[in-house]
Amino acid sequence: MSSQRKLNKDNKRHPGIDDLPLTIVLDGEGVILQWSSKARAMFGWNNREVIGLPFHKTILPEKHHIDFLKLLASYERSSTEHLLHRAIEISACGKDHAEFDISMGISPVIISGERFCICYISDITERKMVASKMTLVKQLSEQNTQLIDFCNIVSHNLRAPLVNMSMLVDFIERSGDPGEQKMLISKLRPVLENLHATFNELVESIQIKQNLEIEVEDIQIQECMRRTLDGLQAEIVKLRAHIKADFSEAPVLRYPPKYLYSILHNLVSNSLKYHSPKRQPVITVKTVKVDGRIVLSVSDNGLGIDLNKHRHNFFKIGKVFHRHPHAKGFGLFMTKTQIEAMGGRIWVESVPDEGTSFFVEFKN
């Protein structure tokens with residue numbers, strides 16, 4: 001007995017398919033056997049045009065063909081007692097070839113020993129549009145916040161060097177002594193270098209959000225750590241800091257090399273910068289796997305931070321929590337931006353005068 005006849009025979013004992021909502025019945029190979037009147041109305045086809053045709057070639061855009069066939073194959077491999085209802089969100093196309101978004105729940109059934117799939121469909125185009133608009137609103141809100149932060153940091157960090165440059169130029173113009181003029185000109189260089197560095201950091205923090213095509217590769221975290229320590233060697237020797245690293249549980253990370261080096265550098269240099277004068281700095285860097293994801297931790301025994309006071313401002317641009325001549329409030333902001341740009345997250349645990357631990361969860 002054919003699949004169509006078996007299904008029709010069984011339907012004699014049940015309500016007709018037209019009594020159901022948006023429903024399509026497929027055989028075990030994904031061929032359309034029946035569909036409800038509401039489904040016909042949604043897609044614009046009549047029965048003669050689609051009955052007996054492959055569902056994926058008729059209803060789905062080509063980009064979804066392989067995904068659907070894999071799903072169908074997974075049902076074919078499943079035993080009867082392990083047949084499951086699954087729901088997926090994909091795009092579909094009607095007779096006019098216009099694409100729209102649907103949610104499709106698929107339930108396999110066994111009739112007279114033969115497999116069928118019943119697809120329950122709903123149009124989610126409007127919901128997707130609302131979700132897209134909400135995402136856009138959120139992005140615009142974040143960009144607006146970032147713009148305000150950018151303006152504040154420009155006002156704060158660039159104003160001082162510009163004022164210093166203006167004063168030095170005034171002194172140079174007023175001075176008639178060539179030796180004094182030369183000395184004043186030499187003082188311009190560090191001011192210009194500070195201005196240039198601050199400007200570059202600001203521009204980079206904005207560009208990270210816009211860089212949607214940054215390349216990733218498999219990175220040996222130990223090698224990235226070695227580069228980080230080489231760059232901080234003078235400070236490590238000066239403080240006699242003890243650095244412990246363990247990447248045995250998760251030695252390789254697929255990530256943009258530039259971002260990973262920047263993250264490690266910022267977190268380790270922060271631990272060195274805010275060491276406690278009461279004890280020798282000890283910094284522990286390690287990776288572990290948690291629920292299939294890699295988590296990097298950088299812990300120290302430094303000054304610590306009062307999170308009750310600073311938690312909500314911790315990763316904001318321009319925020320500093322200890323007096324330090326080189327603290328500008330860029331490092332943690334940049335680190336958070338790089339991590340979130342790649343779909344990860346960062347959090348902190350800290351106790352004043354005991355130390356701080358940063359945790360970075362990387363998206364697979």
# chains A, B, ... in the order shown; residues from 1 in each chain; ligands from 1

$ residues_around --residues "Lys187 of chain A" --least-positions-apart "2" --cutoff "12 Å" --atoms "only C-alpha atoms" --output "list of chain:residue names"
A:Pro161, A:Asn164, A:Met165, A:Ser166, A:Met167, A:Leu168, A:Val169, A:Phe171, A:Ile172, A:Glu180, A:Gln181, A:Lys182, A:Met183, A:Leu184, A:Ile185, A:Arg189, A:Pro190, A:Val191, A:Leu192, A:Glu193, A:Asn194

$ write_last_selection --atoms "C-alpha atoms" --output "PDB file, in the first residue's frame"
ATOM      1  CA  PRO A 161      47.488  67.822  26.939  1.00  0.00           C
ATOM      2  CA  ASN A 164      49.710  72.078  28.153  1.00  0.00           C
ATOM      3  CA  MET A 165      50.622  72.395  24.484  1.00  0.00           C
ATOM      4  CA  SER A 166      48.955  75.803  24.287  1.00  0.00           C
ATOM      5  CA  MET A 167      50.844  77.035  27.352  1.00  0.00           C
ATOM      6  CA  LEU A 168      54.192  75.733  26.062  1.00  0.00           C
ATOM      7  CA  VAL A 169      53.644  77.427  22.695  1.00  0.00           C
ATOM      8  CA  PHE A 171      56.098  80.392  26.547  1.00  0.00           C
ATOM      9  CA  ILE A 172      58.125  79.632  23.431  1.00  0.00           C
ATOM     10  CA  GLU A 180      65.089  78.262  26.831  1.00  0.00           C
ATOM     11  CA  GLN A 181      63.074  77.878  23.626  1.00  0.00           C
ATOM     12  CA  LYS A 182      64.865  74.602  22.871  1.00  0.00           C
ATOM     13  CA  MET A 183      64.129  73.346  26.376  1.00  0.00           C
ATOM     14  CA  LEU A 184      60.450  74.268  26.072  1.00  0.00           C
ATOM     15  CA  ILE A 185      60.200  72.593  22.664  1.00  0.00           C
ATOM     16  CA  ARG A 189      57.280  65.801  22.748  1.00  0.00           C
ATOM     17  CA  PRO A 190      55.927  63.838  25.757  1.00  0.00           C
ATOM     18  CA  VAL A 191      52.724  65.898  25.637  1.00  0.00           C
ATOM     19  CA  LEU A 192      52.297  65.079  21.950  1.00  0.00           C
ATOM     20  CA  GLU A 193      53.066  61.397  22.535  1.00  0.00           C
ATOM     21  CA  ASN A 194      50.453  61.226  25.304  1.00  0.00           C
TER      22      ASN A 194
END

$ residues_around --residues "Pro61 of chain A" --least-positions-apart "4" --cutoff "9 Å" --atoms "only C-alpha atoms" --output "JSON, numbers by chain"
{"A": [56, 57, 65, 91, 92, 93, 97, 99]}

$ residues_around --residues "Glu340 of chain A" --least-positions-apart "2" --cutoff "10 Å" --atoms "only C-alpha atoms" --output "number ranges by chain"
A: 208-209, 335-338, 342-346, 361-363

$ write_last_selection --atoms "C-alpha atoms" --output "PDB file, in the first residue's frame"
ATOM      1  CA  ILE A 208      36.305  47.152  17.591  1.00  0.00           C
ATOM      2  CA  LYS A 209      32.501  47.514  17.530  1.00  0.00           C
ATOM      3  CA  THR A 335      39.187  44.385  27.168  1.00  0.00           C
ATOM      4  CA  LYS A 336      35.422  44.159  27.717  1.00  0.00           C
ATOM      5  CA  THR A 337      34.765  45.590  24.253  1.00  0.00           C
ATOM      6  CA  GLN A 338      37.019  43.018  22.573  1.00  0.00           C
ATOM      7  CA  MET A 342      33.415  38.038  19.909  1.00  0.00           C
ATOM      8  CA  GLY A 343      30.323  36.948  21.866  1.00  0.00           C
ATOM      9  CA  GLY A 344      32.062  36.286  25.200  1.00  0.00           C
ATOM     10  CA  ARG A 345      31.697  37.817  28.638  1.00  0.00           C
ATOM     11  CA  ILE A 346      33.930  39.062  31.451  1.00  0.00           C
ATOM     12  CA  GLU A 361      34.371  33.157  29.107  1.00  0.00           C
ATOM     13  CA  PHE A 362      35.047  32.705  25.403  1.00  0.00           C
ATOM     14  CA  LYS A 363      32.266  31.765  23.015  1.00  0.00           C
TER      15      LYS A 363
END

$ closest_residue --among "A:Ser269, A:Leu162, A:Ile66, A:Ile121" --to "Ser36 of chain A" --atoms "only C-alpha atoms"
A:Ile121

$ residues_around --residues "Lys258 of chain A" --least-positions-apart "4" --cutoff "10 Å" --atoms "only C-alpha atoms" --output "PyMOL selection string"
chain A and resi 214-216+224+262-263+338

$ write_last_selection --atoms "N, CA and C atoms" --output "compact mmCIF listing (two decimals), in the first residue's frame"
# COMPACT_ATOMS: atom_id res chain seq x y z
N ILE A 214 36.75 40.33 11.52
CA ILE A 214 38.08 40.07 12.04
C ILE A 214 38.37 38.58 11.97
N GLU A 215 39.57 38.24 11.53
CA GLU A 215 39.93 36.83 11.32
C GLU A 215 40.30 36.16 12.63
N VAL A 216 39.90 34.90 12.75
CA VAL A 216 40.24 34.11 13.92
C VAL A 216 41.13 32.95 13.49
N CYS A 224 50.97 32.92 23.50
CA CYS A 224 50.46 34.29 23.68
C CYS A 224 50.87 34.83 25.05
N SER A 262 45.88 41.33 23.51
CA SER A 262 45.47 42.56 24.19
C SER A 262 44.80 42.24 25.52
N ILE A 263 43.92 41.21 25.53
CA ILE A 263 43.21 40.83 26.76
C ILE A 263 44.19 40.38 27.83
N GLN A 338 36.48 44.08 23.43
CA GLN A 338 37.02 43.02 22.57
C GLN A 338 36.34 41.68 22.87

$ closest_residue --among "A:Leu253, A:Leu136, A:Ala131, A:Leu232" --to "Lys289 of chain A" --atoms "only C-alpha atoms"
A:Leu253

$ residues_around --residues "Tyr255 of chain A" --least-positions-apart "3" --cutoff "8 Å" --atoms "only C-alpha atoms" --output "list in words"
Glu215, Val216, Glu217, Asp218, Ile219, Tyr259 and Leu260 of chain A

$ write_last_selection --atoms "C-alpha atoms" --output "mmCIF file, in the first residue's frame"
data_model
loop_
_atom_site.group_PDB
_atom_site.id
_atom_site.type_symbol
_atom_site.label_atom_id
_atom_site.label_comp_id
_atom_site.auth_asym_id
_atom_site.auth_seq_id
_atom_site.Cartn_x
_atom_site.Cartn_y
_atom_site.Cartn_z
ATOM 1 C CA GLU A 215 39.926 36.833 11.321
ATOM 2 C CA VAL A 216 40.236 34.107 13.925
ATOM 3 C CA GLU A 217 42.743 31.265 14.155
ATOM 4 C CA ASP A 218 43.836 28.519 16.532
ATOM 5 C CA ILE A 219 46.142 30.084 19.125
ATOM 6 C CA TYR A 259 42.405 40.472 20.768
ATOM 7 C CA LEU A 260 43.750 37.608 22.878
#

$ closest_residue --among "A:Ser175, A:Asn301, A:Ser103, A:Ser74" --to "Ile88 of chain A" --atoms "only C-alpha atoms"
A:Ser103

$ atom_distance --atom1 "atom CA of Glu114 of chain A" --atom2 "atom CA of Gly94 of chain A"
29.0 Å

$ atom_distance --atom1 "atom CA of Ile90 of chain A" --atom2 "atom CA of Met104 of chain A"
7.7 Å

$ select_by_dssp --residues "segment 196-296 of chain A" --states "strand (DSSP E or B)" --output "count of residues only"
26
